[in-house]
Structures are given as C-alpha cells and as structure tokens.
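Source file start_7.txt; content: compact mmCIF, C-alpha atoms.
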```txt
# COMPACT_ATOMS: atom_id res chain seq x y z
CA MET P 290 50.75 100.82 48.29
CA ALA P 291 48.04 103.29 47.38
CA SER P 292 45.99 102.85 50.54
CA ASN P 293 48.94 103.17 52.90
CA ARG P 294 50.96 105.87 51.18
CA GLU P 295 51.18 107.86 54.39
CA PHE P 296 52.59 104.87 56.29
CA PHE P 297 55.17 104.36 53.55
CA ASN P 298 56.08 108.06 53.42
CA ARG P 299 56.48 108.36 57.18
CA ARG P 300 58.66 105.28 57.37
CA LEU P 301 60.71 106.44 54.39
CA HIS P 302 61.08 109.85 56.02
CA SER P 303 62.33 108.21 59.22
CA LEU P 304 64.73 105.91 57.35
CA LEU P 305 66.17 108.60 55.07
CA GLY P 306 66.85 110.83 58.07
CA VAL P 307 69.33 108.24 59.32
CA ILE P 308 70.42 106.54 56.09
CA PRO P 309 71.82 108.34 54.16
CA VAL P 310 71.24 111.89 55.46
CA GLY P 311 72.34 111.24 59.06
CA LEU P 312 75.37 109.26 57.96
CA PHE P 313 76.32 112.03 55.56
CA LEU P 314 76.05 114.56 58.40
CA VAL P 315 78.44 112.52 60.54
CA GLN P 316 80.87 112.08 57.66
CA HIS P 317 80.71 115.80 56.85
CA LEU P 318 81.41 116.78 60.46
CA VAL P 319 84.31 114.36 60.65
CA VAL P 320 85.86 115.68 57.44
CA ASN P 321 85.39 119.28 58.67
CA HIS P 322 87.29 118.37 61.79
CA PHE P 323 90.45 118.20 59.66
CA ALA P 324 90.34 122.01 59.90
CA THR P 325 91.59 121.76 63.47
CA GLY P 326 94.82 120.34 61.99
CA GLY P 327 95.45 123.48 59.97
CA GLU P 328 94.77 124.81 56.50
CA GLU P 329 96.72 122.18 54.61
CA SER P 330 95.13 119.21 56.32
CA PHE P 331 91.62 120.59 55.66
CA ASN P 332 92.30 121.36 52.02
CA LYS P 333 93.71 117.87 51.50
CA ALA P 334 90.58 116.27 53.02
CA ALA P 335 88.24 118.57 51.08
CA HIS P 336 90.08 117.86 47.88
CA PHE P 337 89.82 114.11 48.50
CA MET P 338 86.03 114.41 48.93
CA GLU P 339 85.77 116.58 45.81
CA SER P 340 87.70 114.13 43.71
CA LEU P 341 85.67 111.06 44.65
CA PRO P 342 84.62 109.16 41.55
CA PHE P 343 80.93 109.43 40.53
CA ARG P 344 80.75 112.63 42.58
CA THR P 345 77.61 114.06 40.95
CA PHE P 346 75.82 110.73 41.15
CA LEU P 347 76.73 110.35 44.81
CA GLU P 348 75.67 113.90 45.58
CA ILE P 349 72.30 113.51 43.89
CA PHE P 350 71.35 110.09 45.23
CA VAL P 351 73.08 110.04 48.60
CA ILE P 352 72.58 113.67 49.56
CA PHE P 353 70.22 115.90 47.59
CA LEU P 354 67.24 113.69 46.78
CA PRO P 355 66.99 112.03 50.22
CA LEU P 356 67.55 115.40 51.88
CA LEU P 357 64.88 117.09 49.76
CA PHE P 358 62.32 114.39 50.52
CA HIS P 359 63.18 114.48 54.22
CA ALA P 360 63.00 118.27 54.29
CA ILE P 361 59.78 118.75 52.36
CA TYR P 362 57.89 115.95 54.07
CA GLY P 363 59.37 117.08 57.38
CA ILE P 364 57.97 120.59 56.95
CA TYR P 365 54.56 119.06 56.32
CA ILE P 366 54.89 116.95 59.50
CA ALA P 367 56.13 119.90 61.55
CA PHE P 368 53.22 122.11 60.56
CA THR P 369 50.50 119.53 61.13
CA ALA P 370 51.39 119.42 64.84
CA LYS P 371 49.65 121.69 67.31
CA ASN P 372 52.31 122.11 69.95
CA ASN P 373 51.18 122.19 73.55
CA VAL P 374 54.27 122.28 75.77
CA SER P 375 52.79 125.11 77.84
CA ARG P 376 50.07 122.73 78.97
CA TYR P 377 52.00 119.45 78.89
CA SER P 378 55.57 120.27 79.82
CA PHE P 379 56.84 116.69 79.79
CA PHE P 380 60.40 115.99 78.69
CA ARG P 381 59.40 114.05 75.57
CA ASN P 382 56.92 116.73 74.56
CA TRP P 383 59.73 119.30 74.70
CA MET P 384 61.88 116.99 72.56
CA PHE P 385 58.92 116.70 70.15
CA LEU P 386 58.77 120.50 69.85
CA LEU P 387 62.56 120.90 69.62
CA GLN P 388 62.73 118.23 66.91
CA ARG P 389 60.37 120.35 64.79
CA VAL P 390 62.04 123.68 65.63
CA THR P 391 65.56 122.38 64.94
CA GLY P 392 64.32 120.76 61.73
CA VAL P 393 63.12 124.12 60.40
CA ILE P 394 66.29 125.93 61.58
CA THR P 395 68.43 123.23 59.97
CA LEU P 396 66.57 123.59 56.69
CA ILE P 397 67.08 127.36 56.64
CA PHE P 398 70.74 126.92 57.54
CA LEU P 399 71.28 124.21 54.92
CA ALA P 400 69.63 126.24 52.16
CA TRP P 401 72.07 129.07 52.89
CA HIS P 402 75.03 126.74 53.41
CA VAL P 403 74.46 124.85 50.13
CA TRP P 404 74.03 128.14 48.26
CA GLU P 405 77.21 129.56 49.72
CA THR P 406 79.40 126.50 49.15
CA ARG P 407 78.15 123.81 46.74
CA ILE P 408 76.23 126.09 44.38
CA ALA P 409 79.05 128.63 44.51
CA ALA P 410 81.39 125.77 43.58
CA ALA P 411 79.18 124.91 40.61
CA PHE P 412 79.71 128.50 39.44
CA GLY P 413 83.44 128.11 39.72
CA ALA P 414 84.30 129.08 43.28
CA ASP P 415 86.94 127.05 45.06
CA VAL P 416 85.66 125.36 48.23
CA ASN P 417 88.64 125.43 50.56
CA PHE P 418 89.94 126.71 53.89
CA ASP P 419 90.11 130.31 52.64
CA MET P 420 86.48 130.27 51.60
CA MET P 421 85.32 129.14 55.03
CA GLU P 422 87.72 131.53 56.71
CA SER P 423 86.27 134.49 54.80
CA ILE P 424 82.66 133.37 55.50
CA LEU P 425 83.42 132.97 59.20
CA SER P 426 85.28 136.29 59.46
CA ASN P 427 81.84 137.77 60.10
CA PRO P 428 80.80 137.22 63.76
CA PHE P 429 77.16 137.06 62.69
CA MET P 430 77.97 134.14 60.39
CA VAL P 431 79.86 132.38 63.18
CA ALA P 432 76.72 132.56 65.33
CA PHE P 433 74.59 131.43 62.37
CA TYR P 434 76.89 128.47 61.71
CA VAL P 435 77.03 127.44 65.38
CA ILE P 436 73.22 127.56 65.66
CA GLY P 437 72.79 125.75 62.34
CA VAL P 438 75.29 123.01 63.11
CA VAL P 439 74.04 122.40 66.66
CA SER P 440 70.43 122.31 65.37
CA ALA P 441 71.35 119.78 62.72
CA ILE P 442 73.15 117.61 65.27
CA PHE P 443 70.29 117.81 67.75
CA HIS P 444 67.83 116.93 65.02
CA PHE P 445 69.98 113.95 64.06
CA ALA P 446 70.56 112.68 67.63
CA ASN P 447 66.94 113.04 68.72
CA GLY P 448 65.88 111.68 65.34
CA LEU P 449 67.90 108.55 66.04
CA TRP P 450 65.86 108.11 69.22
CA SER P 451 62.56 108.38 67.38
CA PHE P 452 63.87 106.25 64.52
CA ALA P 453 64.41 103.45 67.03
CA VAL P 454 60.83 103.86 68.29
CA SER P 455 59.26 104.28 64.84
CA TRP P 456 60.78 101.05 63.59
CA GLY P 457 59.90 99.16 66.74
CA ILE P 458 63.50 98.66 67.86
CA THR P 459 63.08 100.25 71.31
CA VAL P 460 59.69 99.16 72.61
CA SER P 461 59.96 98.99 76.39
CA PRO P 462 60.06 102.23 78.42
CA ARG P 463 63.46 101.14 79.79
CA SER P 464 65.01 100.70 76.36
CA GLN P 465 63.58 104.08 75.34
CA LEU P 466 65.10 105.69 78.42
CA ILE P 467 68.52 104.19 77.75
CA SER P 468 68.38 105.27 74.12
CA THR P 469 67.60 108.80 75.37
CA TYR P 470 70.94 108.75 77.22
CA VAL P 471 72.77 107.20 74.27
CA THR P 472 71.44 109.82 71.84
CA LEU P 473 72.26 112.56 74.34
CA VAL P 474 75.88 111.41 74.36
CA ILE P 475 75.87 111.35 70.54
CA PHE P 476 74.50 114.90 70.54
CA ILE P 477 77.21 116.17 72.89
CA ALA P 478 80.06 114.33 71.15
CA LEU P 479 79.07 115.47 67.64
CA SER P 480 78.47 119.03 68.86
CA ILE P 481 82.06 119.17 70.14
CA VAL P 482 83.31 117.88 66.78
CA GLY P 483 81.18 120.39 64.86
CA ILE P 484 81.94 123.45 66.97
CA ARG P 485 85.67 122.71 67.11
CA ALA P 486 85.68 122.64 63.31
CA ILE P 487 83.83 125.97 63.07
CA PHE P 488 86.23 127.69 65.46
CA ALA P 489 89.22 126.30 63.57
CA PHE P 490 88.33 128.75 60.78
CA VAL P 491 87.82 131.76 63.07
CA MET K 247 32.21 129.53 109.08
CA SER K 248 31.80 126.47 106.89
CA GLU K 249 28.30 127.59 105.86
CA THR K 250 29.70 130.67 104.15
CA ARG K 251 32.62 128.97 102.38
CA THR K 252 32.28 128.87 98.61
CA VAL K 253 34.17 127.42 95.66
CA ARG K 254 34.76 129.60 92.62
CA PHE K 255 34.47 128.13 89.13
CA ILE K 256 35.45 129.74 85.84
CA ILE K 257 33.65 127.78 83.17
CA SER K 258 34.16 127.98 79.44
CA ARG K 259 30.72 127.90 77.86
CA GLN K 260 29.36 127.79 74.37
CA ASP K 261 25.68 127.75 73.42
CA SER K 262 25.86 125.66 70.25
CA PRO K 263 28.50 123.83 68.17
CA GLU K 264 29.16 126.93 66.04
CA ALA K 265 28.73 129.59 68.73
CA GLU K 266 31.62 131.61 70.13
CA PRO K 267 32.88 130.30 73.48
CA TYR K 268 32.67 132.63 76.48
CA GLN K 269 33.58 132.39 80.15
CA GLU K 270 31.19 132.54 83.05
CA GLU K 271 32.03 132.49 86.76
CA PHE K 272 30.07 130.71 89.44
CA GLU K 273 30.30 130.61 93.24
CA VAL K 274 29.19 127.29 94.64
CA PRO K 275 28.60 126.64 98.36
CA TYR K 276 31.34 124.36 99.68
CA ARG K 277 30.55 120.90 100.98
CA PRO K 278 33.17 118.47 102.28
CA ASN K 279 34.40 115.85 99.76
CA MET K 280 32.61 117.45 96.82
CA ASN K 281 33.78 116.68 93.29
CA VAL K 282 33.48 118.79 90.15
CA ILE K 283 30.29 117.00 89.09
CA SER K 284 28.54 117.72 92.38
CA ALA K 285 29.45 121.39 91.90
CA LEU K 286 28.02 121.34 88.37
CA MET K 287 24.85 119.74 89.80
CA GLU K 288 24.68 122.54 92.37
CA ILE K 289 24.88 125.13 89.55
CA ARG K 290 22.15 123.23 87.72
CA ARG K 291 19.97 123.44 90.83
CA ASN K 292 20.52 127.19 91.09
CA PRO K 293 21.87 128.63 87.82
CA VAL K 294 22.93 132.05 89.08
CA ASN K 295 26.42 133.24 88.17
CA ALA K 296 28.97 134.95 90.42
CA LYS K 297 27.61 138.40 89.48
CA GLY K 298 24.21 137.31 90.76
CA GLN K 299 22.67 137.17 87.29
CA GLU K 300 20.24 134.46 86.23
CA SER K 301 22.07 132.06 83.89
CA SER K 302 21.42 128.64 82.37
CA PRO K 303 22.50 125.25 83.73
CA ILE K 304 25.83 123.95 82.40
CA THR K 305 25.68 121.08 79.93
CA TRP K 306 28.10 118.21 80.50
CA ASP K 307 28.27 114.46 79.99
CA MET K 308 28.39 111.91 82.79
CA ASN K 309 27.44 108.36 83.44
CA CYS K 310 29.17 106.00 85.85
CA LEU K 311 30.54 108.53 88.38
CA GLU K 312 33.38 106.14 89.28
CA GLU K 313 35.95 106.80 86.54
CA VAL K 314 35.25 103.76 84.42
CA CYS K 315 33.00 105.06 81.64
CA GLY K 316 35.05 108.01 80.40
CA ALA K 317 32.01 110.17 79.57
CA CYS K 318 32.64 113.05 81.97
CA SER K 319 36.12 113.97 80.66
CA MET K 320 36.86 117.69 80.49
CA VAL K 321 39.81 120.01 80.88
CA ILE K 322 40.10 120.88 84.58
CA ASN K 323 42.70 123.53 85.49
CA GLY K 324 44.40 122.88 82.16
CA LYS K 325 44.53 119.09 82.44
CA PRO K 326 42.14 116.74 80.67
CA ARG K 327 40.64 114.29 83.18
CA GLN K 328 37.38 112.87 84.46
CA SER K 329 35.27 115.36 86.40
CA CYS K 330 33.81 112.61 88.62
CA SER K 331 37.22 111.81 90.14
CA ALA K 332 38.28 115.48 90.32
CA ILE K 333 37.93 116.24 94.03
CA VAL K 334 37.46 119.94 94.78
CA ASP K 335 39.68 119.80 97.90
CA GLN K 336 42.59 118.66 95.73
CA LEU K 337 42.21 121.39 93.11
CA GLU K 338 43.66 124.86 93.01
CA GLN K 339 40.96 127.54 93.04
CA PRO K 340 39.39 129.12 91.10
CA ILE K 341 38.67 125.89 89.28
CA ARG K 342 38.73 126.35 85.51
CA LEU K 343 36.59 124.03 83.42
CA GLU K 344 36.84 123.77 79.65
CA PRO K 345 35.59 121.22 77.13
CA MET K 346 38.13 118.97 75.38
CA ARG K 347 38.31 121.06 72.21
CA THR K 348 40.07 118.35 70.22
CA PHE K 349 36.54 117.01 69.81
CA PRO K 350 33.58 118.92 68.37
CA VAL K 351 31.90 120.81 71.22
CA ILE K 352 28.15 120.21 71.37
CA ARG K 353 27.39 122.65 74.18
CA ASP K 354 29.34 123.99 77.16
CA LEU K 355 31.46 121.09 78.46
CA GLN K 356 29.82 118.39 76.37
CA VAL K 357 31.81 117.07 73.42
CA ASP K 358 31.15 114.54 70.69
CA ARG K 359 33.59 111.62 70.97
CA SER K 360 32.12 109.73 67.98
CA ARG K 361 35.42 109.75 66.13
CA MET K 362 36.87 107.45 68.79
CA PHE K 363 34.07 104.92 68.40
CA ASP K 364 34.39 105.12 64.61
CA SER K 365 38.11 104.43 65.03
CA LEU K 366 37.39 101.33 67.11
CA LYS K 367 35.23 100.07 64.24
CA LYS K 368 37.94 100.93 61.74
CA VAL K 369 40.57 98.89 63.59
CA LYS K 370 38.14 96.03 64.34
CA ALA K 371 38.59 96.33 68.09
CA TRP K 372 36.63 93.20 68.89
CA ILE K 373 36.98 89.44 68.78
CA PRO K 374 34.78 87.83 66.14
CA ILE K 375 33.20 84.74 67.61
CA ASP K 376 29.80 84.73 65.92
CA GLY K 377 29.07 81.98 63.44
CA THR K 378 26.25 79.84 62.17
CA TYR K 379 27.11 77.10 64.64
CA ASP K 380 28.78 76.83 68.02
CA LEU K 381 32.52 77.17 67.45
CA GLY K 382 33.29 75.78 70.87
CA PRO K 383 35.74 77.25 73.36
CA GLY K 384 38.68 79.14 71.86
CA PRO K 385 42.34 78.59 72.75
CA ARG K 386 43.23 79.19 76.39
CA MET K 387 44.97 82.36 77.49
CA PRO K 388 47.80 82.06 80.01
CA GLU K 389 46.91 83.72 83.32
CA LYS K 390 49.95 85.95 83.24
CA LYS K 391 49.03 87.26 79.82
CA ARG K 392 45.44 87.79 80.92
CA GLN K 393 46.63 89.96 83.78
CA TRP K 394 48.78 91.97 81.39
CA ALA K 395 45.94 92.31 78.86
CA TYR K 396 43.61 93.47 81.62
CA GLU K 397 45.66 96.64 81.96
CA LEU K 398 45.17 97.45 78.27
CA SER K 399 41.47 96.59 78.53
CA LYS K 400 41.00 99.38 81.12
CA CYS K 401 40.71 101.89 78.27
CA MET K 402 37.36 103.67 78.58
CA THR K 403 37.60 105.68 75.35
CA CYS K 404 37.55 108.84 77.47
CA GLY K 405 39.53 110.88 74.93
CA VAL K 406 42.12 112.30 77.34
CA CYS K 407 45.03 110.88 75.30
CA LEU K 408 43.67 112.41 72.09
CA GLU K 409 43.23 115.77 73.84
CA ALA K 410 46.84 115.65 75.09
CA CYS K 411 48.33 114.56 71.74
CA PRO K 412 49.83 117.39 69.66
CA ASN K 413 49.29 115.37 66.49
CA VAL K 414 45.54 114.91 66.97
CA ASN K 415 44.08 118.17 65.70
CA SER K 416 42.05 119.71 62.94
CA ASN K 417 45.04 119.67 60.54
CA SER K 418 45.58 115.94 60.80
CA ASN K 419 43.51 112.79 60.60
CA PHE K 420 45.61 110.88 63.17
CA ILE K 421 43.53 108.18 64.81
CA GLY K 422 45.16 108.79 68.23
CA PRO K 423 46.68 106.54 70.90
CA ALA K 424 43.56 104.87 72.39
CA PRO K 425 42.40 102.86 69.36
CA LEU K 426 46.00 101.90 68.58
CA SER K 427 46.47 100.37 72.00
CA GLN K 428 43.22 98.45 71.47
CA VAL K 429 44.79 96.87 68.40
CA ARG K 430 47.58 95.53 70.58
CA LEU K 431 45.04 94.25 73.09
CA PHE K 432 42.95 92.37 70.53
CA ASN K 433 45.96 91.15 68.57
CA SER K 434 47.35 89.50 71.69
CA HIS K 435 44.14 87.64 72.47
CA PRO K 436 44.42 83.99 71.39
CA THR K 437 41.24 84.20 69.29
CA GLY K 438 41.65 87.85 68.32
CA GLU K 439 45.10 87.01 67.00
CA MET K 440 43.46 85.24 64.08
CA HIS K 441 42.60 88.67 62.65
CA LYS K 442 45.92 90.29 63.48
CA ALA K 443 46.87 91.18 59.88
CA GLU K 444 43.51 92.87 59.23
CA ARG K 445 43.95 95.15 62.24
CA LEU K 446 47.56 95.93 61.35
CA ASP K 447 46.56 96.75 57.77
CA ALA K 448 43.87 99.08 59.14
CA ILE K 449 46.34 101.08 61.24
CA MET K 450 48.80 101.21 58.33
CA GLY K 451 46.22 103.22 56.38
CA ASP K 452 46.03 107.00 56.20
CA GLY K 453 45.78 108.72 59.56
CA GLY K 454 47.06 105.58 61.22
CA LEU K 455 49.91 104.54 63.42
CA ALA K 456 52.68 106.27 61.46
CA ASN K 457 51.31 109.71 62.40
CA CYS K 458 52.54 109.28 65.97
CA GLY K 459 55.25 111.87 66.68
CA ASN K 460 56.42 110.38 70.00
CA SER K 461 55.61 113.36 72.20
CA GLN K 462 54.45 110.73 74.72
CA ASN K 463 51.90 113.09 76.29
CA CYS K 464 49.33 110.30 76.04
CA VAL K 465 51.04 107.91 78.41
CA GLN K 466 51.63 110.73 80.90
CA SER K 467 47.98 111.81 80.77
CA CYS K 468 46.10 108.49 80.66
CA PRO K 469 43.91 108.29 83.80
CA LYS K 470 44.12 104.50 83.69
CA GLY K 471 47.91 104.34 83.40
CA ILE K 472 47.73 102.34 80.17
CA PRO K 473 51.21 101.89 78.61
CA LEU K 474 50.09 103.65 75.41
CA THR K 475 53.54 104.47 74.07
CA THR K 476 54.71 100.90 74.66
CA SER K 477 51.68 99.75 72.67
CA ILE K 478 52.55 102.18 69.87
CA ALA K 479 56.21 101.09 69.77
CA ALA K 480 55.19 97.42 69.81
CA LEU K 481 52.80 98.08 66.92
CA ASN K 482 55.58 99.92 65.09
CA ARG K 483 57.50 96.65 65.21
CA ASP K 484 54.46 94.56 64.19
CA THR K 485 53.60 96.84 61.27
CA ALA K 486 57.23 96.90 60.11
CA ILE K 487 57.11 93.10 59.87
CA GLN K 488 53.63 93.17 58.36
CA SER K 489 54.66 95.68 55.68
CA PHE K 490 57.64 93.50 54.68
CA LYS K 491 55.30 90.52 54.49
CA ASN K 492 52.83 92.51 52.39
CA PHE K 493 55.47 93.79 50.01
CA PHE K 494 58.02 91.04 49.62
CA GLY K 495 55.23 88.66 49.41
CA SER K 496 53.79 85.67 50.96
CA ASP K 497 50.51 84.35 49.69
CA GLN K 498 49.77 83.21 53.21
CA VAL K 499 46.88 85.08 54.75
```
File written out as structure tokens:
Amino acid sequence: MASNREFFNRRLHSLLGVIPVGLFLVQHLVVNHFATGGEESFNKAAHFMESLPFRTFLEIFVIFLPLLFHAIYGIYIAFTAKNNVSRYSFFRNWMFLLQRVTGVITLIFLAWHVWETRIAAAFGADVNFDMMESILSNPFMVAFYVIGVVSAIFHFANGLWSFAVSWGITVSPRSQLISTYVTLVIFIALSIVGIRAIFAFV
Amino acid sequence: MSETRTVRFIISRQDSPEAEPYQEEFEVPYRPNMNVISALMEIRRNPVNAKGQESSPITWDMNCLEEVCGACSMVINGKPRQSCSAIVDQLEQPIRLEPMRTFPVIRDLQVDRSRMFDSLKKVKAWIPIDGTYDLGPGPRMPEKKRQWAYELSKCMTCGVCLEACPNVNSNSNFIGPAPLSQVRLFNSHPTGEMHKAERLDAIMGDGGLANCGNSQNCVQSCPKGIPLTTSIAALNRDTAIQSFKNFFGSDQV
C-alpha cells in the first residue's frame, strides 16, 4: 500500500463522499423535510433520530470521521488544481471548478452548522423546531443556509457523476452524458427538498 | 494592395529558462496560405520588431510540419495547438503566441517536454518482444480492434492535453492524460497485454491515474481527437479490478 497511497486515498475520498457522507446528506434532507408538516412532525422526527441506539458511535463512524477525511483531503485536492475556465470554458471544466468551489463553501457552512446545532446540543441546547426557527429568523442566515444547502447538494450530485467515472462504472461518453442528466435531476430534486425544509422554519 | 498587407504577431518571449517573460510585437508581410511557422521563419529572416528595432530571431521547436510529430506545439490565441497546422487566414489577428508554460520554457516558444517521455518509460509504453532467441509471431489482433487501437496510437506526445489539464501544474505530480491513454493502447495489444498488471501498477503509483479530476479539457483539446477521457475511465475500471486483485490476493502474476 505504501507505493500507491495516493491512489488509495483518492479512491477512498471518492467512496466516502457517496457512502456514507452522501447517504447521510440525503437522509438528513429527508428528515428535515418533516418541518413542512409543522412543528410537531419535525420535533417527532428529530427526536427519533436523537434517540437512535449507539448514537455517538454512529455519529463518529458514519458521519464525523468520513466527513473529516473527505473534507481535509478534498481541500488538498481543490488547492492543487490550477483552474483555467477562462481559457477552456467547456461544460465539464466548469463542473470541475464548481465541484471545488461548492466543496469549500459546503465545508465552511458545515463547520458553522455543526457548531450551531450538534456542538450546541453537546453543551445542553435542545435541537428542535424552535432552535431552527430562531436561527432562521435572521434573513442573512436564511441566505447562508440556502447557499450552504444548495452547495452541498450540488457537490453531492456532481460528485456522484465523478464517482461513477472514478470507479470505472461510466466509461463510454454516452454513459457519461446520461449520468450528467441523471445527476442533474438528483440535484434539482434534492434542492427542492432542502429549500422547502429551510422555508418551513421561516 | 496585397504587397502591403501584413500580419501582426504578439509573441511572448523569454531569453533563458529563469528569465522574466516579455512581449514583443512583429509585423510580417502577408503571403497566401501562410501558417504560423512560415511567419516565424519570416521573422527569423528579418528579426526587426513592429517598432522597427533590431531584435533576435524567435526560438521554437519544429520537425515534421504536418501535425504528426507534436514538436511545434504552442499556445496560439489562447489555445494550445501545433503551429504547423495553424493557418494564418483562419486565425484572429493580432495572433498571440505563447509557450506551453505547463512545461519548463527553454527559450521563447521552445519548451522541454522531457517529463512526457519519462512518463512513457514509467508506464512501460512499449511491447517487449526482445529475447535471446526468435519468439516467433505473437497472437493475432482482430482487424476491428486494430482499427480502434490505431486511433489511440495517433498520440504524438505533443503536450496539448497536459497544457489544458487543470491538474497538471507545478503543485501536482500528475502524469497527465497522454501517457495514461498509452497504457490502454499497449494493454489492449495481444502481446502487450502480457504486461498489463505492470502498467496498471505503474499508473496506480503517486502522481498516477487517480489524480485525474475529470475536467475533460484534454479530450476537447487533443488535436488528434483521441478519446482520452474514455481511456481514463476504462483504466479507472481496470485499476479498480487490479487493486482488488492486489489486495484480496491472488498469487497469480
């Protein structure tokens, strides 16, 4: 493994982005969507997630460690690129740039989001509808949340596309084109789910 | 009249590998059907810049003059391509020439593409047939496959794909698309296939295949239309299988 550590790291980075981090993102967005059903329905769903058995274990191994690896290695990847969309304004090159930009935005958003919710919870705050309602009573935070959530979803959807290429699932140009459309639909669908949830608190 | 027509060039120059680059303008008398190289030859014949000052001839690389050797690649009006097949009539003027700065610049428009040739050695981009006795003819290659492989074999190591790639730069040691596609070419050859695992292991090393970020600029820029990103995706599949073989174990070579 020593001689091909980079190969291993890159593949691990690609895998972790989908499993478990991407799956967690989808699950989180779906649970948030309970907010559109009113305060009680959201609190019930949030409480169910909070009271899952082995919660700390699940959080550490399904969320935090994979996310930390993906984030730190991702920053390294993002900053080794020398972007050149002004010279080569091809669609995929724009996606390449946006993947790196949304990755950094998502990381900034997540750091703030985890601080405000999970770490606050560790210090005794109650994570419920009221908490989100008070955070999102500030229009600036609404904009921040919309940008953060859409960035995360874009990063996930476009990441799915490159996951399929990186693992040699979509090889032919045609399969790569079709997976572009499929991931675009995923991006739009999840964005609707995410934004609807945000505006349920406003 | 046609005698007085000129073509204006803005050329990025640099006197030595470490020197600061600077721009110099030249006015070259127009001739029908001229290409960028013929204009550079005209400047060489009469190295006087647009301000009328005595200058020095431009340094550049060239060889075949028919877009098969890859030596004369440079950035023309922002796009990396071969200067021999860059026809002046088809270019917007003034024509801007720059070296491909992804590579070390030797002087003016001449760059050192050694890293590409070193990469070809690293990935064993050849078919070993030498031995102490005549090994006889190798396995036959189906005609259809030969035609397909011919497309990949058009690579002339010109460096355009590396210049276009955002992940090939001074911060990274990414090998670049061209040598990767050569791995697919030689791995699909009936005799070359016998060394498939060695080539895959080579591109699974540091700076190898995994550094591709799928910007797909390479396939858009390749002057030979080589399906570089298809090669990379196909190798992603091959290396995935190879890495499972390497790890989960098979003592088979």
Return as JSON lines the residues of chain K lying at most 6 Å from chain P, together with the closest atom-to-atom pair for each and the distance in Å to one decimal, counting only C-alpha atoms, with rows in chain order and ascending residue number.
```
{"residue": "K:Pro412", "atom": "CA", "partner": "P:Lys371", "partner_atom": "CA", "distance": 4.9}
{"residue": "K:Asn413", "atom": "CA", "partner": "P:Ala370", "partner_atom": "CA", "distance": 4.9}
{"residue": "K:Asn417", "atom": "CA", "partner": "P:Thr369", "partner_atom": "CA", "distance": 5.5}
{"residue": "K:Met450", "atom": "CA", "partner": "P:Phe296", "partner_atom": "CA", "distance": 5.6}
{"residue": "K:Gly451", "atom": "CA", "partner": "P:Asn293", "partner_atom": "CA", "distance": 4.4}
{"residue": "K:Asp452", "atom": "CA", "partner": "P:Glu295", "partner_atom": "CA", "distance": 5.5}
{"residue": "K:Ala456", "atom": "CA", "partner": "P:Phe296", "partner_atom": "CA", "distance": 5.4}
{"residue": "K:Ser461", "atom": "CA", "partner": "P:Asn382", "partner_atom": "CA", "distance": 4.3}
{"residue": "K:Thr476", "atom": "CA", "partner": "P:Val460", "partner_atom": "CA", "distance": 5.7}
{"residue": "K:Ala479", "atom": "CA", "partner": "P:Val460", "partner_atom": "CA", "distance": 4.9}
{"residue": "K:Ala480", "atom": "CA", "partner": "P:Val460", "partner_atom": "CA", "distance": 5.6}
{"residue": "K:Asn482", "atom": "CA", "partner": "P:Gly457", "partner_atom": "CA", "distance": 4.7}
{"residue": "K:Arg483", "atom": "CA", "partner": "P:Gly457", "partner_atom": "CA", "distance": 3.8}
```
Would you compute the distance between atom CA of Leu355 of chain K and atom CA of Trp306 of chain K? Give it in Å to one decimal.
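Atom-to-atom, atom CA of Leu355 of chain K to atom CA of Trp306 of chain K, that is 4.9 Å.
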Selection: 10 Å around Met346 of chain K, only C-alpha atoms, excl. self and same-chain fewer than 4 positions, as a list of chain:residue names:
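The filter keeps K:Ser319, K:Met320, K:Val321, K:Ile322, K:Lys325, K:Pro326, K:Arg327, K:Pro350, K:Val351, K:Leu355, K:Gln356, K:Val357, K:Asp358, K:Arg359, K:Gly405, K:Val406, K:Leu408, K:Glu409, K:Ala410.
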Shell around Arg463 of chain P at 12 Å using all atoms listed in the file, local window under 6 positions removed, as a list in words:
Thr469 and Tyr470 of chain P; Thr475 and Thr476 of chain K
Please list as a list in words every residue within 9 Å of Ser399 of chain K, counting only C-alpha atoms and excluding residues in the same chain fewer than 6 positions away.
Gln428, Leu431 and Ile472 of chain K
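From atom CA of Ile421 of chain K back to atom CA of Asn457 of chain K, the distance works out to 8.3 Å.
Distance check against Phe349 of chain K using only C-alpha atoms: of K:Asn415, K:Ser284, K:Ser365, K:Asn292, the minimum falls on K:Asn415.
For the pair atom CA of Met362 of chain K and atom CA of Ser331 of chain K, the separation is 21.8 Å.
Closest approach to Ile308 of chain P among P:His359, P:Phe346, P:Leu396, P:Met338: P:His359, based on only C-alpha atoms.
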Which residues are close to segment 410-416 of chain P, i.e. within 9 Å by only C-alpha atoms, leaving aside same-chain residues fewer than 4 positions away? Reply as a PyMOL selection string.
chain P and resi 332+335-336+405-406+420-421
Shortest interatomic distance to Tyr365 of chain P - which of K:Gly438, K:Lys491, K:Cys310, K:Ser418, counting all atoms listed in the file:
K:Ser418
List the neighbours of His441 of chain K out to 12 Å using all atoms listed in the file; skip same-chain residues closer than 3 positions along the sequence, and give me the result as an MDAnalysis selection string.
chainID K and resid 369:375 429:430 432:438 444:448 499
Hey, which of K:Gln299, K:Gln328, K:Trp394, K:Ile478 ends up closest to Glu312 of chain K? Count all atoms listed in the file.
K:Gln328
For Met308 of chain K, which residue out of K:Cys404, K:Arg361, K:Ile256, K:Tyr396 is the nearest one, using all atoms listed in the file?
K:Cys404
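Closest approach to Gly306 of chain P among P:Leu449, P:Met430, P:Val471, P:Val491: P:Leu449, based on all atoms listed in the file.
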Work out where the centre of an axis-aligned box around every listed atom of segment 479-493 of chain K lies and how long its edges are once 6 Å is added on each side; give both in Å to one decimal as JSON.
```
{"center_x": 55.2, "center_y": 95.8, "center_z": 59.9, "size_x": 16.8, "size_y": 22.6, "size_z": 31.8}
```
Every residue with an atom at most 9 Å from (41.4, 107.6, 65.4) (file coordinates; all atoms listed in the file) is what I'm after, so could you write them as a PDB file with C-alpha atoms, in the frame of the given file?
```pdb
ATOM      1  CA  ARG K 361      35.420 109.750  66.130  1.00  0.00           C
ATOM      2  CA  MET K 362      36.870 107.450  68.790  1.00  0.00           C
ATOM      3  CA  PHE K 363      34.070 104.920  68.400  1.00  0.00           C
ATOM      4  CA  ASP K 364      34.390 105.120  64.610  1.00  0.00           C
ATOM      5  CA  SER K 365      38.110 104.430  65.030  1.00  0.00           C
ATOM      6  CA  LEU K 366      37.390 101.330  67.110  1.00  0.00           C
ATOM      7  CA  LYS K 368      37.940 100.930  61.740  1.00  0.00           C
ATOM      8  CA  VAL K 369      40.570  98.890  63.590  1.00  0.00           C
ATOM      9  CA  LEU K 408      43.670 112.410  72.090  1.00  0.00           C
ATOM     10  CA  VAL K 414      45.540 114.910  66.970  1.00  0.00           C
ATOM     11  CA  ASN K 419      43.510 112.790  60.600  1.00  0.00           C
ATOM     12  CA  PHE K 420      45.610 110.880  63.170  1.00  0.00           C
ATOM     13  CA  ILE K 421      43.530 108.180  64.810  1.00  0.00           C
ATOM     14  CA  GLY K 422      45.160 108.790  68.230  1.00  0.00           C
ATOM     15  CA  PRO K 423      46.680 106.540  70.900  1.00  0.00           C
ATOM     16  CA  ALA K 424      43.560 104.870  72.390  1.00  0.00           C
ATOM     17  CA  PRO K 425      42.400 102.860  69.360  1.00  0.00           C
ATOM     18  CA  LEU K 426      46.000 101.900  68.580  1.00  0.00           C
ATOM     19  CA  GLY K 453      45.780 108.720  59.560  1.00  0.00           C
ATOM     20  CA  GLY K 454      47.060 105.580  61.220  1.00  0.00           C
TER      21      GLY K 454
END
```
